[in-house]
$ cat structure.txt   # compact mmCIF, C-alpha atoms and all ligand atoms
# COMPACT_ATOMS: atom_id res chain seq x y z
CA MET A 1 -64.62 -6.90 91.50
CA TYR A 2 -60.91 -6.72 91.30
CA ARG A 3 -60.81 -3.28 92.81
CA LEU A 4 -63.35 -4.15 95.39
CA SER A 5 -61.36 -7.13 96.58
CA TRP A 6 -58.29 -4.92 96.81
CA MET A 7 -60.33 -2.49 98.84
CA ILE A 8 -61.29 -5.25 101.22
CA LEU A 9 -57.72 -6.45 101.43
CA TRP A 10 -56.60 -2.90 102.06
CA ILE A 11 -59.08 -2.43 104.88
CA GLY A 12 -57.97 -5.78 106.24
CA LEU A 13 -54.36 -4.66 106.28
CA GLY A 14 -55.36 -1.39 107.90
CA ASN A 15 -56.79 -3.23 110.86
CA GLN A 16 -53.91 -5.64 110.99
CA VAL A 17 -51.80 -4.85 114.01
CA LEU A 18 -48.30 -6.30 114.19
CA LEU A 19 -47.34 -9.04 111.74
CA ALA A 20 -45.46 -12.20 112.61
CA GLN A 21 -42.16 -10.78 111.35
CA ASP A 22 -42.71 -7.67 113.48
CA MET A 23 -43.14 -9.90 116.52
CA MET A 24 -39.82 -11.54 115.72
CA ARG A 25 -38.23 -8.10 115.76
CA VAL A 26 -39.95 -7.34 119.07
CA ARG A 27 -38.46 -10.54 120.52
CA GLU A 28 -35.06 -9.54 119.19
CA THR A 29 -35.27 -6.10 120.80
CA ILE A 30 -36.20 -7.68 124.13
CA PHE A 31 -33.37 -10.22 123.86
CA ASP A 32 -30.89 -7.44 123.05
CA LEU A 33 -31.95 -5.28 125.99
CA THR A 34 -31.89 -8.18 128.45
CA SER A 35 -28.64 -9.74 127.28
CA GLU A 36 -25.70 -9.94 129.64
CA LYS A 37 -23.77 -7.37 127.63
CA MET A 38 -26.24 -4.72 128.84
CA HIS A 39 -25.60 -5.78 132.47
CA GLY A 40 -29.23 -5.31 133.48
CA ARG A 41 -29.20 -1.70 132.20
CA GLY A 42 -27.98 -0.39 135.55
CA TYR A 43 -25.00 1.40 137.06
CA LEU A 44 -22.24 -1.18 137.10
CA LYS A 45 -20.13 -1.83 134.01
CA GLN A 46 -21.87 1.11 132.29
CA GLY A 47 -24.98 -0.97 131.61
CA ASP A 48 -27.18 2.12 131.34
CA LYS A 49 -24.88 3.74 128.80
CA ILE A 50 -24.63 0.63 126.63
CA ALA A 51 -28.43 0.46 126.57
CA ALA A 52 -28.76 4.19 125.82
CA ILE A 53 -26.30 3.96 122.92
CA TYR A 54 -28.24 0.99 121.56
CA LEU A 55 -31.44 3.05 121.69
CA GLN A 56 -29.77 6.05 120.11
CA GLN A 57 -28.68 3.82 117.23
CA GLU A 58 -32.20 2.40 116.89
CA PHE A 59 -33.63 5.93 116.84
CA GLU A 60 -31.16 6.84 114.08
CA LYS A 61 -31.96 3.72 112.05
CA ILE A 62 -35.69 4.39 112.32
CA GLY A 63 -35.17 8.01 111.26
CA LEU A 64 -36.33 9.87 114.36
CA LYS A 65 -35.06 13.42 114.82
CA PRO A 66 -33.45 14.74 118.00
CA LEU A 67 -35.10 17.68 119.81
CA GLN A 68 -31.69 19.17 120.67
CA ALA A 69 -28.08 18.60 119.60
CA GLY A 70 -28.37 14.85 120.14
CA PHE A 71 -30.82 12.23 121.29
CA MET A 72 -29.39 12.06 124.80
CA GLN A 73 -30.34 14.26 127.71
CA PHE A 74 -27.93 13.84 130.61
CA PHE A 75 -28.58 13.99 134.34
CA LYS A 76 -26.75 13.03 137.51
CA MET A 77 -27.73 10.94 140.48
CA ASP A 78 -26.30 9.23 143.54
CA ILE A 79 -26.61 5.47 143.51
CA ASN A 80 -25.69 2.66 145.89
CA THR A 81 -24.10 -0.33 144.10
CA PHE A 82 -22.75 -3.79 144.92
CA PRO A 83 -19.84 -4.16 142.52
CA ASP A 84 -17.78 -6.94 144.06
CA GLU A 85 -17.93 -9.89 146.46
CA LEU A 86 -21.22 -10.75 148.09
CA SER A 87 -21.72 -13.81 150.22
CA LEU A 88 -23.91 -15.07 152.99
CA LYS A 89 -23.50 -18.32 154.87
CA ILE A 90 -25.81 -19.54 157.59
CA ASP A 91 -24.41 -22.37 159.69
CA ASN A 92 -21.77 -22.88 157.00
CA ARG A 93 -24.35 -23.32 154.29
CA ARG A 94 -23.55 -20.99 151.42
CA LEU A 95 -26.68 -19.28 150.14
CA ARG A 96 -27.24 -18.40 146.50
CA LEU A 97 -27.46 -14.71 145.68
CA GLY A 98 -30.62 -13.82 143.78
CA LYS A 99 -32.32 -17.09 144.65
CA ASP A 100 -31.87 -17.50 148.42
CA TYR A 101 -31.10 -13.92 149.36
CA ILE A 102 -30.56 -10.43 147.98
CA LEU A 103 -29.11 -7.24 149.36
CA ASN A 104 -31.43 -4.56 150.59
CA PRO A 105 -30.76 -1.48 148.40
CA VAL A 106 -29.63 0.66 151.36
CA SER A 107 -27.11 -1.95 152.52
CA ARG A 108 -23.61 -0.85 153.46
CA ALA A 109 -20.39 -2.83 153.05
CA GLY A 110 -19.25 -5.11 155.84
CA ARG A 111 -17.90 -8.53 156.64
CA GLY A 112 -17.78 -10.84 159.59
CA LYS A 113 -18.95 -13.90 161.36
CA ALA A 114 -21.43 -13.61 164.19
CA LYS A 115 -24.13 -15.21 166.23
CA ILE A 116 -27.66 -14.84 164.92
CA VAL A 117 -30.16 -13.26 167.34
CA PHE A 118 -33.81 -12.39 166.89
CA LEU A 119 -35.36 -8.99 167.36
CA ASP A 120 -37.48 -9.05 170.52
CA THR A 121 -40.83 -7.89 169.15
CA LEU A 122 -41.93 -6.94 172.67
CA ILE A 123 -39.76 -3.84 172.37
CA PHE A 124 -42.61 -2.36 170.35
CA GLY A 125 -44.57 -0.54 173.02
CA ASN A 126 -42.80 -2.01 176.06
CA LYS A 127 -40.34 0.46 177.59
CA VAL A 128 -38.76 -2.12 179.93
CA ARG A 129 -38.00 -4.44 177.03
CA GLN A 130 -36.58 -1.48 175.11
CA GLN A 131 -34.23 -0.72 178.00
CA GLU A 132 -33.13 -4.35 178.14
CA PHE A 133 -32.51 -4.34 174.40
CA MET A 134 -30.37 -1.21 174.79
CA LYS A 135 -28.09 -3.13 177.17
CA THR A 136 -27.45 -6.01 174.77
CA LYS A 137 -24.24 -6.32 172.77
CA ILE A 138 -26.06 -6.18 169.47
CA GLU A 139 -22.92 -4.78 167.79
CA LYS A 140 -21.55 -8.32 167.93
CA ASN A 141 -24.60 -10.04 166.45
CA VAL A 142 -26.50 -10.55 163.24
CA LEU A 143 -30.03 -9.41 163.98
CA VAL A 144 -33.01 -11.09 162.31
CA PHE A 145 -36.37 -9.34 161.93
CA SER A 146 -39.53 -9.59 159.82
CA THR A 147 -40.78 -7.24 157.16
CA ARG A 148 -43.90 -6.76 159.25
CA ASP A 149 -41.73 -5.56 162.17
CA PHE A 150 -40.18 -2.95 159.93
CA VAL A 151 -43.25 -0.70 159.94
CA LYS A 152 -43.21 -0.72 163.75
CA MET A 153 -39.42 -0.31 163.88
CA ILE A 154 -39.52 3.10 162.26
CA GLU A 155 -41.82 4.29 165.03
CA LEU A 156 -39.38 3.33 167.78
CA PRO A 157 -37.48 6.05 169.67
CA SER A 158 -34.47 6.97 167.56
CA LEU A 159 -32.01 5.66 170.16
CA VAL A 160 -33.58 2.20 169.97
CA LEU A 161 -33.68 2.32 166.19
CA ASP A 162 -30.01 3.35 166.13
CA LYS A 163 -29.24 0.36 168.33
CA ILE A 164 -30.92 -1.95 165.80
CA TYR A 165 -28.82 -0.45 163.03
CA ALA A 166 -25.72 -0.98 165.13
CA ALA A 167 -25.98 -4.75 164.62
CA LYS A 168 -23.10 -6.31 162.69
CA ALA A 169 -25.62 -7.14 159.97
CA LEU A 170 -29.39 -7.40 159.58
CA ILE A 171 -31.41 -10.16 157.97
CA GLU A 172 -34.94 -9.25 156.95
CA LEU A 173 -37.29 -12.23 156.55
CA LYS A 174 -39.77 -11.83 153.72
CA ASP A 175 -43.14 -13.54 153.55
CA GLN A 176 -43.42 -12.46 149.93
CA ARG A 177 -41.00 -13.22 147.12
CA LEU A 178 -37.69 -11.38 146.99
CA THR A 179 -37.85 -8.15 145.01
CA ALA A 180 -34.72 -6.09 144.51
CA GLY A 181 -34.51 -2.33 144.25
CA LEU A 182 -32.15 0.62 144.05
CA SER A 183 -31.37 3.40 146.47
CA ASN A 184 -29.50 6.69 146.53
CA ARG A 185 -28.27 6.18 150.10
CA GLN A 186 -26.65 3.71 152.45
CA LEU A 187 -27.57 2.87 156.03
CA SER A 188 -25.03 1.80 158.59
CA ASN A 189 -24.73 -1.99 158.10
CA PRO A 190 -25.15 -4.85 155.62
CA ILE A 191 -28.84 -5.74 155.24
CA PHE A 192 -29.82 -9.06 153.69
CA GLU A 193 -33.29 -10.13 152.63
CA MET A 194 -34.31 -13.75 152.49
CA PRO A 195 -37.52 -15.80 152.38
CA ARG A 196 -38.80 -16.69 155.85
CA SER A 197 -39.51 -20.24 154.67
CA LEU A 198 -35.86 -20.79 153.76
CA PHE A 199 -34.59 -19.30 157.00
CA ASP A 200 -37.01 -21.40 159.05
CA SER A 201 -35.99 -24.61 157.32
CA LEU A 202 -32.31 -23.84 157.91
CA ARG A 203 -33.03 -23.26 161.55
CA GLN A 204 -35.15 -26.37 161.98
CA ASN A 205 -32.80 -28.71 160.14
CA ARG A 206 -29.59 -27.84 161.96
CA LYS A 207 -27.17 -30.74 162.28
CA LYS A 208 -25.67 -29.42 165.50
CA PRO A 209 -28.50 -27.54 167.22
CA HIS A 210 -26.56 -27.24 170.48
CA LYS A 211 -23.92 -25.07 168.75
CA PRO A 212 -24.51 -21.33 168.32
CA PHE A 213 -26.52 -20.42 165.24
CA ARG A 214 -24.14 -18.30 163.19
CA ALA A 215 -23.94 -16.32 159.99
CA SER A 216 -20.86 -15.27 158.06
CA PHE A 217 -21.03 -12.71 155.35
CA ARG A 218 -19.24 -10.33 153.08
CA VAL A 219 -20.73 -7.31 151.35
CA ASP A 220 -18.89 -4.90 149.11
CA ALA A 221 -21.03 -1.83 148.60
CA GLU A 222 -20.12 1.43 146.94
CA MET A 223 -22.03 4.68 146.91
CA ILE A 224 -21.46 6.39 143.59
CA LYS A 225 -21.95 10.13 143.86
CA SER A 226 -23.19 12.12 140.85
CA TYR A 227 -23.29 9.18 138.44
CA LEU A 228 -23.94 10.51 134.93
CA SER A 229 -26.90 8.82 133.25
CA GLN A 230 -29.26 9.81 130.45
CA ASN A 231 -32.67 9.89 128.79
CA VAL A 232 -32.92 9.12 125.09
CA VAL A 233 -35.45 11.32 123.27
CA GLY A 234 -36.41 11.54 119.58
CA TYR A 235 -39.45 12.62 117.58
CA ILE A 236 -41.41 12.56 114.33
CA GLU A 237 -42.62 15.93 113.14
CA GLY A 238 -46.39 16.41 112.91
CA LYS A 239 -47.99 16.89 109.50
CA ILE A 240 -50.65 19.43 110.53
CA LYS A 241 -49.82 20.77 114.00
CA PRO A 242 -46.11 20.23 114.57
CA ASP A 243 -46.19 22.43 117.69
CA SER A 244 -48.61 20.09 119.43
CA PHE A 245 -47.09 16.93 120.84
CA VAL A 246 -48.15 13.43 121.80
CA VAL A 247 -45.56 11.58 123.87
CA VAL A 248 -44.91 7.85 124.17
CA SER A 249 -42.58 7.08 127.09
CA ALA A 250 -40.98 3.97 128.55
CA HIS A 251 -38.04 3.61 130.92
CA TYR A 252 -35.15 1.59 129.54
CA ASP A 253 -33.08 1.31 132.74
CA HIS A 254 -33.35 -1.58 135.15
CA LEU A 255 -31.66 -2.84 138.34
CA GLY A 256 -28.30 -3.70 136.81
CA ARG A 257 -25.86 -6.06 138.48
CA MET A 258 -25.65 -7.31 142.05
CA GLY A 259 -22.21 -8.62 142.89
CA LYS A 260 -19.96 -10.17 140.30
CA LYS A 261 -22.18 -12.97 139.10
CA ILE A 262 -25.78 -11.94 138.79
CA TYR A 263 -27.74 -9.30 136.90
CA PHE A 264 -31.41 -8.48 136.58
CA PRO A 265 -32.52 -8.89 132.95
CA GLY A 266 -35.74 -6.85 133.27
CA ALA A 267 -37.60 -8.35 130.30
CA ASN A 268 -41.07 -7.29 131.36
CA ASP A 269 -39.63 -4.36 133.36
CA ASN A 270 -39.19 -2.67 130.97
CA ALA A 271 -37.64 -4.09 127.81
CA SER A 272 -41.28 -4.80 126.87
CA GLY A 273 -42.25 -1.11 127.01
CA VAL A 274 -39.15 -0.03 125.11
CA ALA A 275 -39.84 -2.62 122.39
CA MET A 276 -43.36 -1.19 122.05
CA LEU A 277 -42.02 2.36 121.88
CA LEU A 278 -39.69 1.35 119.03
CA GLU A 279 -42.50 -0.45 117.15
CA LEU A 280 -44.69 2.65 117.36
CA ALA A 281 -41.80 4.78 116.08
CA ARG A 282 -41.30 2.36 113.15
CA TYR A 283 -44.99 2.56 112.31
CA TYR A 284 -45.36 6.34 112.49
CA ILE A 285 -42.16 7.10 110.56
CA GLN A 286 -43.79 5.64 107.44
CA PRO A 287 -45.00 8.59 105.31
CA GLN A 288 -48.58 7.27 105.03
CA ASN A 289 -48.78 7.11 108.84
CA GLN A 290 -47.26 10.51 109.61
CA PRO A 291 -49.12 11.84 112.68
CA LYS A 292 -51.01 15.14 112.72
CA TYR A 293 -49.22 16.26 115.87
CA SER A 294 -45.55 15.75 116.49
CA LEU A 295 -44.93 12.42 118.16
CA VAL A 296 -42.15 12.26 120.76
CA PHE A 297 -40.50 9.08 122.00
CA MET A 298 -38.95 9.38 125.46
CA ALA A 299 -36.88 6.47 126.76
CA PHE A 300 -36.16 7.43 130.36
CA GLY A 301 -33.19 6.42 132.50
CA GLY A 302 -33.07 6.36 136.30
CA GLU A 303 -36.65 5.14 136.74
CA GLU A 304 -35.75 2.29 139.07
CA ALA A 305 -33.62 4.66 141.13
CA GLY A 306 -36.68 6.81 141.89
CA LEU A 307 -38.04 8.29 138.62
CA ILE A 308 -34.86 10.38 138.33
CA GLY A 309 -34.74 10.64 134.51
CA SER A 310 -38.35 11.69 134.02
CA LYS A 311 -38.09 14.14 136.94
CA HIS A 312 -35.06 15.66 135.24
CA TYR A 313 -36.95 15.91 131.96
CA VAL A 314 -39.88 17.70 133.62
CA ASP A 315 -37.43 20.12 135.28
CA PHE A 316 -35.60 20.72 131.99
CA PRO A 317 -38.13 20.06 129.22
CA LEU A 318 -36.94 20.17 125.61
CA PHE A 319 -40.09 22.07 124.57
CA PRO A 320 -42.81 23.65 126.77
CA LEU A 321 -44.72 21.01 128.75
CA GLU A 322 -48.01 22.78 127.91
CA GLN A 323 -47.54 21.70 124.32
CA ILE A 324 -47.87 18.03 125.30
CA LYS A 325 -51.47 17.15 124.50
CA PHE A 326 -51.12 13.68 125.92
CA LEU A 327 -48.43 11.40 127.31
CA PHE A 328 -48.74 7.61 127.24
CA ASN A 329 -46.27 5.81 129.53
CA LEU A 330 -45.58 2.10 129.07
CA ASP A 331 -44.03 -0.06 131.78
CA LEU A 332 -44.52 -3.83 132.24
CA VAL A 333 -46.47 -4.55 129.05
CA GLY A 334 -45.25 -8.07 128.26
CA THR A 335 -48.29 -10.03 129.49
CA GLY A 336 -52.03 -9.36 129.15
CA ASP A 337 -53.95 -12.61 129.81
CA ASP A 338 -55.88 -10.78 132.51
CA GLY A 339 -56.19 -7.46 130.68
CA ALA A 340 -54.55 -4.13 131.40
CA THR A 341 -54.68 -1.37 133.99
CA VAL A 342 -54.47 2.34 133.28
CA VAL A 343 -53.11 4.57 136.04
CA ASN A 344 -54.80 8.00 135.75
CA GLY A 345 -57.73 6.34 133.94
CA ALA A 346 -59.93 7.67 136.74
CA VAL A 347 -58.34 11.14 136.41
CA PHE A 348 -58.49 11.86 132.67
CA LYS A 349 -61.99 10.66 131.93
CA PRO A 350 -62.56 11.69 128.28
CA GLU A 351 -59.29 10.02 127.23
CA PHE A 352 -60.11 6.90 129.22
CA GLU A 353 -63.53 6.73 127.56
CA LEU A 354 -61.82 7.06 124.18
CA LEU A 355 -59.48 4.20 125.10
CA LEU A 356 -62.40 2.01 126.21
CA ARG A 357 -64.34 2.81 123.03
CA ILE A 358 -61.38 1.81 120.87
CA ASN A 359 -60.93 -1.36 122.87
CA GLU A 360 -64.62 -2.19 122.60
CA GLU A 361 -64.63 -1.69 118.81
CA SER A 362 -61.58 -3.82 118.08
CA LYS A 363 -61.72 -6.21 121.06
CA TYR A 364 -58.05 -5.81 121.89
CA PHE A 365 -58.22 -6.63 125.62
CA PRO A 366 -60.85 -8.61 127.50
CA ILE A 367 -60.81 -5.94 130.19
CA ILE A 368 -59.14 -2.59 130.84
CA THR A 369 -59.41 -1.30 134.39
CA LYS A 370 -58.67 2.18 135.65
CA ARG A 371 -56.82 3.53 138.65
CA GLY A 372 -56.29 6.96 140.12
CA PHE A 373 -53.07 8.94 140.31
CA ALA A 374 -50.03 6.96 141.51
CA ALA A 375 -46.32 7.62 141.82
CA ASN A 376 -45.33 4.29 140.33
CA SER A 377 -43.72 5.16 136.98
CA ASP A 378 -42.50 7.95 134.72
CA HIS A 379 -45.89 9.57 134.05
CA PHE A 380 -45.85 10.81 137.66
CA TYR A 381 -43.96 14.11 137.41
CA PHE A 382 -45.69 14.93 134.14
CA THR A 383 -49.12 14.52 135.75
CA GLU A 384 -47.94 16.63 138.69
CA ASN A 385 -46.98 19.31 136.18
CA ARG A 386 -50.42 19.27 134.60
CA VAL A 387 -49.60 17.10 131.61
CA ARG A 388 -52.53 14.79 130.77
CA SER A 389 -51.12 11.30 130.93
CA PHE A 390 -51.75 7.58 131.30
CA PHE A 391 -49.52 4.80 132.53
CA LEU A 392 -50.60 1.40 131.22
CA TYR A 393 -49.39 -2.00 132.43
CA THR A 394 -50.65 -5.44 131.47
CA LEU A 395 -51.86 -8.13 133.88
CA GLY A 396 -51.59 -11.91 134.21
CA GLY A 397 -49.11 -14.42 132.89
CA ILE A 398 -45.84 -14.36 134.72
CA ARG A 399 -45.15 -13.34 138.30
CA ALA A 400 -41.47 -12.43 137.88
CA TYR A 401 -40.85 -8.88 139.06
CA HIS A 402 -37.61 -7.18 140.14
CA ASP A 403 -35.90 -10.54 140.36
CA ILE A 404 -33.56 -12.70 138.29
CA TYR A 405 -36.54 -14.54 136.77
CA ASP A 406 -37.82 -11.60 134.72
CA ARG A 407 -36.30 -13.15 131.60
CA PRO A 408 -37.02 -12.81 127.88
CA GLU A 409 -37.61 -16.50 127.17
CA THR A 410 -40.44 -16.68 129.68
CA LEU A 411 -42.06 -13.36 128.77
CA PRO A 412 -45.31 -14.36 127.05
CA LEU A 413 -46.08 -11.11 125.12
CA THR A 414 -49.65 -12.41 125.14
CA LYS A 415 -51.35 -9.17 124.11
CA PHE A 416 -48.45 -7.29 122.60
CA LYS A 417 -50.00 -7.09 119.11
CA GLU A 418 -53.32 -6.02 120.56
CA LEU A 419 -51.66 -3.38 122.72
CA PHE A 420 -49.92 -2.02 119.64
CA GLY A 421 -53.30 -1.71 117.93
CA LEU A 422 -54.84 -0.03 120.96
CA LEU A 423 -52.03 2.51 121.27
CA ARG A 424 -51.94 3.25 117.55
CA ASP A 425 -55.70 3.84 117.43
CA PHE A 426 -55.56 5.93 120.59
CA ILE A 427 -52.68 8.07 119.32
CA ASP A 428 -54.48 8.59 116.01
CA GLN A 429 -57.71 9.61 117.68
CA VAL A 430 -56.45 11.63 120.63
CA GLN A 431 -54.99 14.10 118.15
CA GLY A 432 -58.48 14.80 116.86
CA GLN A 433 -59.86 15.23 120.38
CA THR A 434 -57.67 18.01 121.70
CA ASN A 435 -56.65 21.35 120.24
ZN ZN B 501 -39.22 -1.69 137.89
$ encode --input "structure.txt" --output "structure tokens"
Amino acid sequence: MYRLSWMILWIGLGNQVLLAQDMMRVRETIFDLTSEKMHGRGYLKQGDKIAAIYLQQEFEKIGLKPLQAGFMQFFKMDINTFPDELSLKIDNRRLRLGKDYILNPVSRAGRGKAKIVFLDTLIFGNKVRQQEFMKTKIEKNVLVFSTRDFVKMIELPSLVLDKIYAAKALIELKDQRLTAGLSNRQLSNPIFEMPRSLFDSLRQNRKKPHKPFRASFRVDAEMIKSYLSQNVVGYIEGKIKPDSFVVVSAHYDHLGRMGKKIYFPGANDNASGVAMLLELARYYIQPQNQPKYSLVFMAFGGEEAGLIGSKHYVDFPLFPLEQIKFLFNLDLVGTGDDGATVVNGAVFKPEFELLLRINEESKYFPIITKRGFAANSDHFYFTENRVRSFFLYTLGGIRAYHDIYDRPETLPLTKFKELFGLLRDFIDQVQGQTN
């Protein structure tokens, strides 16, 4: 009886996913990565490096081994940044950066005060209107246009498009929420983005409507050429087939700072994925859990700047890519009320069936849906280079994305424990499936 009850307890523990104290550690990891001292894990104030050093130290503490001389793999990239003053006033009302407006990632520096004019949408397809627009003194104005005009703008004759970009500044009105991004280039003027609803209410509630509608602004932008950033890579040696590899990847970088005052914490994107990667490393480092294949943990940099870190890894792999039996990329895994989606689920069918079977047996997620191939995270260049891979993200819960509201205290982590169980079972079983 005694033994039997221990057996039952043992089986119970085996199925147990993450315990309450593990979830506290997960929260701590996410708070660390999103704290102001990491500056949004971007390219101002060395945010990316501080985050990478933190991860290197975590890898060391866990006991992962480096694949080369150290855990870091360096690469260079060009990046546009907004290190200093940013301001936008419309009709003398000072707007709040991050809440009322953001900078478009390709924005250039500039300052001034100018009359606001609207893009004449009849220039799309009407040559006469285009000629009239060419005669305007747009260089002296702030030009307002809609996101939906943008698609048509890029089809305009290049002279007309150049004229648009000659405006003193541009304001793009968004029907959707503001989402920031990064770019490796600058266009020719400051470009602001703001919600159409806010702009319309400013316009309609003007105290002195007879006076010209004006904007004043200041943008400090700096293109950094060949910025040195890094991936952080460590592994656990396989017990049976150490030359076969399963990879867990998650990008640790985020959008960094914008101006002097704000930064993007990136709790869901992607402190959540990094926290999961670390939990899996902590689990598999325990001798009783040593994997059959070697298990590699790749924390990529430069993802938000255009998958730069993972592209660099694929170009300069630390062991032959053919030896990767499967790669599981995690990005945006802090929710889960509405299930999860697997990019490449429709491409790698046996592995997706395995994942569904595991999910069915243990009831981790109410639903897991599949998608085809997509260039939306770090699995992309691996898949292109014939590495079998999935990219999983969770659904539901919060809507914060690429904005200042993607914060740790509002990240629900609804299905984090279940996702851990799903990944652990999948990693265990995928090693039996391939040779
Ligand atoms: Zn992102």
$ closest_residue --input "structure.txt" --among "A:Gly306, A:Gly273, A:Gly301, A:Gly336" --to "Leu228 of chain A" --atoms "all atoms listed in the file"
A:Gly301
$ residues_around --input "structure.txt" --residues "Leu88 of chain A" --least-positions-apart "2" --cutoff "7 Å" --atoms "all atoms listed in the file" --output "ChimeraX atom specification"
/A:90,94-95,216-218
$ closest_atom_pairs --input "structure.txt" --of "chain A" --to "ligand ZN 501 (chain B)" --cutoff "12 Å" --atoms "all atoms listed in the file" --output "JSON lines"
{"residue": "A:Gly40", "atom": "CA", "partner": "B:ZN501", "partner_atom": "ZN", "distance": 11.5}
{"residue": "A:Arg41", "atom": "CA", "partner": "B:ZN501", "partner_atom": "ZN", "distance": 11.5}
{"residue": "A:Gly42", "atom": "CA", "partner": "B:ZN501", "partner_atom": "ZN", "distance": 11.6}
{"residue": "A:Thr179", "atom": "CA", "partner": "B:ZN501", "partner_atom": "ZN", "distance": 9.7}
{"residue": "A:Ala180", "atom": "CA", "partner": "B:ZN501", "partner_atom": "ZN", "distance": 9.1}
{"residue": "A:Gly181", "atom": "CA", "partner": "B:ZN501", "partner_atom": "ZN", "distance": 7.9}
{"residue": "A:Leu182", "atom": "CA", "partner": "B:ZN501", "partner_atom": "ZN", "distance": 9.7}
{"residue": "A:Ala250", "atom": "CA", "partner": "B:ZN501", "partner_atom": "ZN", "distance": 11.1}
{"residue": "A:His251", "atom": "CA", "partner": "B:ZN501", "partner_atom": "ZN", "distance": 8.8}
{"residue": "A:Tyr252", "atom": "CA", "partner": "B:ZN501", "partner_atom": "ZN", "distance": 9.9}
{"residue": "A:Asp253", "atom": "CA", "partner": "B:ZN501", "partner_atom": "ZN", "distance": 8.6}
{"residue": "A:His254", "atom": "CA", "partner": "B:ZN501", "partner_atom": "ZN", "distance": 6.5}
{"residue": "A:Leu255", "atom": "CA", "partner": "B:ZN501", "partner_atom": "ZN", "distance": 7.7}
{"residue": "A:Gly256", "atom": "CA", "partner": "B:ZN501", "partner_atom": "ZN", "distance": 11.2}
{"residue": "A:Phe264", "atom": "CA", "partner": "B:ZN501", "partner_atom": "ZN", "distance": 10.4}
{"residue": "A:Pro265", "atom": "CA", "partner": "B:ZN501", "partner_atom": "ZN", "distance": 11.0}
{"residue": "A:Gly266", "atom": "CA", "partner": "B:ZN501", "partner_atom": "ZN", "distance": 7.8}
{"residue": "A:Ala267", "atom": "CA", "partner": "B:ZN501", "partner_atom": "ZN", "distance": 10.2}
{"residue": "A:Asn268", "atom": "CA", "partner": "B:ZN501", "partner_atom": "ZN", "distance": 8.8}
{"residue": "A:Asp269", "atom": "CA", "partner": "B:ZN501", "partner_atom": "ZN", "distance": 5.3}
{"residue": "A:Asn270", "atom": "CA", "partner": "B:ZN501", "partner_atom": "ZN", "distance": 7.0}
{"residue": "A:Ala271", "atom": "CA", "partner": "B:ZN501", "partner_atom": "ZN", "distance": 10.5}
{"residue": "A:Ser272", "atom": "CA", "partner": "B:ZN501", "partner_atom": "ZN", "distance": 11.6}
{"residue": "A:Gly273", "atom": "CA", "partner": "B:ZN501", "partner_atom": "ZN", "distance": 11.3}
{"residue": "A:Gly301", "atom": "CA", "partner": "B:ZN501", "partner_atom": "ZN", "distance": 11.5}
{"residue": "A:Gly302", "atom": "CA", "partner": "B:ZN501", "partner_atom": "ZN", "distance": 10.3}
{"residue": "A:Glu303", "atom": "CA", "partner": "B:ZN501", "partner_atom": "ZN", "distance": 7.4}
{"residue": "A:Glu304", "atom": "CA", "partner": "B:ZN501", "partner_atom": "ZN", "distance": 5.4}
{"residue": "A:Ala305", "atom": "CA", "partner": "B:ZN501", "partner_atom": "ZN", "distance": 9.1}
{"residue": "A:Gly306", "atom": "CA", "partner": "B:ZN501", "partner_atom": "ZN", "distance": 9.7}
{"residue": "A:Leu307", "atom": "CA", "partner": "B:ZN501", "partner_atom": "ZN", "distance": 10.1}
{"residue": "A:Leu330", "atom": "CA", "partner": "B:ZN501", "partner_atom": "ZN", "distance": 11.5}
{"residue": "A:Asp331", "atom": "CA", "partner": "B:ZN501", "partner_atom": "ZN", "distance": 7.9}
{"residue": "A:Leu332", "atom": "CA", "partner": "B:ZN501", "partner_atom": "ZN", "distance": 8.0}
{"residue": "A:Val333", "atom": "CA", "partner": "B:ZN501", "partner_atom": "ZN", "distance": 11.8}
{"residue": "A:Asn376", "atom": "CA", "partner": "B:ZN501", "partner_atom": "ZN", "distance": 8.9}
{"residue": "A:Ser377", "atom": "CA", "partner": "B:ZN501", "partner_atom": "ZN", "distance": 8.2}
{"residue": "A:Asp378", "atom": "CA", "partner": "B:ZN501", "partner_atom": "ZN", "distance": 10.7}
{"residue": "A:Tyr393", "atom": "CA", "partner": "B:ZN501", "partner_atom": "ZN", "distance": 11.5}
{"residue": "A:Ala400", "atom": "CA", "partner": "B:ZN501", "partner_atom": "ZN", "distance": 11.0}
{"residue": "A:Tyr401", "atom": "CA", "partner": "B:ZN501", "partner_atom": "ZN", "distance": 7.5}
{"residue": "A:His402", "atom": "CA", "partner": "B:ZN501", "partner_atom": "ZN", "distance": 6.1}
{"residue": "A:Asp403", "atom": "CA", "partner": "B:ZN501", "partner_atom": "ZN", "distance": 9.8}
{"residue": "A:Asp406", "atom": "CA", "partner": "B:ZN501", "partner_atom": "ZN", "distance": 10.5}
$ residues_around --input "structure.txt" --residues "Phe192 of chain A" --least-positions-apart "3" --cutoff "7 Å" --atoms "all atoms listed in the file" --output "short mmCIF file (atom, residue, chain, number, x, y, z; two decimals) with C-alpha atoms, keeping the file's coordinate frame"
data_model
loop_
_atom_site.label_atom_id
_atom_site.label_comp_id
_atom_site.auth_asym_id
_atom_site.auth_seq_id
_atom_site.Cartn_x
_atom_site.Cartn_y
_atom_site.Cartn_z
CA TYR A 101 -31.10 -13.92 149.36
CA ILE A 102 -30.56 -10.43 147.98
CA LEU A 103 -29.11 -7.24 149.36
CA ASN A 104 -31.43 -4.56 150.59
CA LEU A 170 -29.39 -7.40 159.58
CA ILE A 171 -31.41 -10.16 157.97
CA GLU A 172 -34.94 -9.25 156.95
#
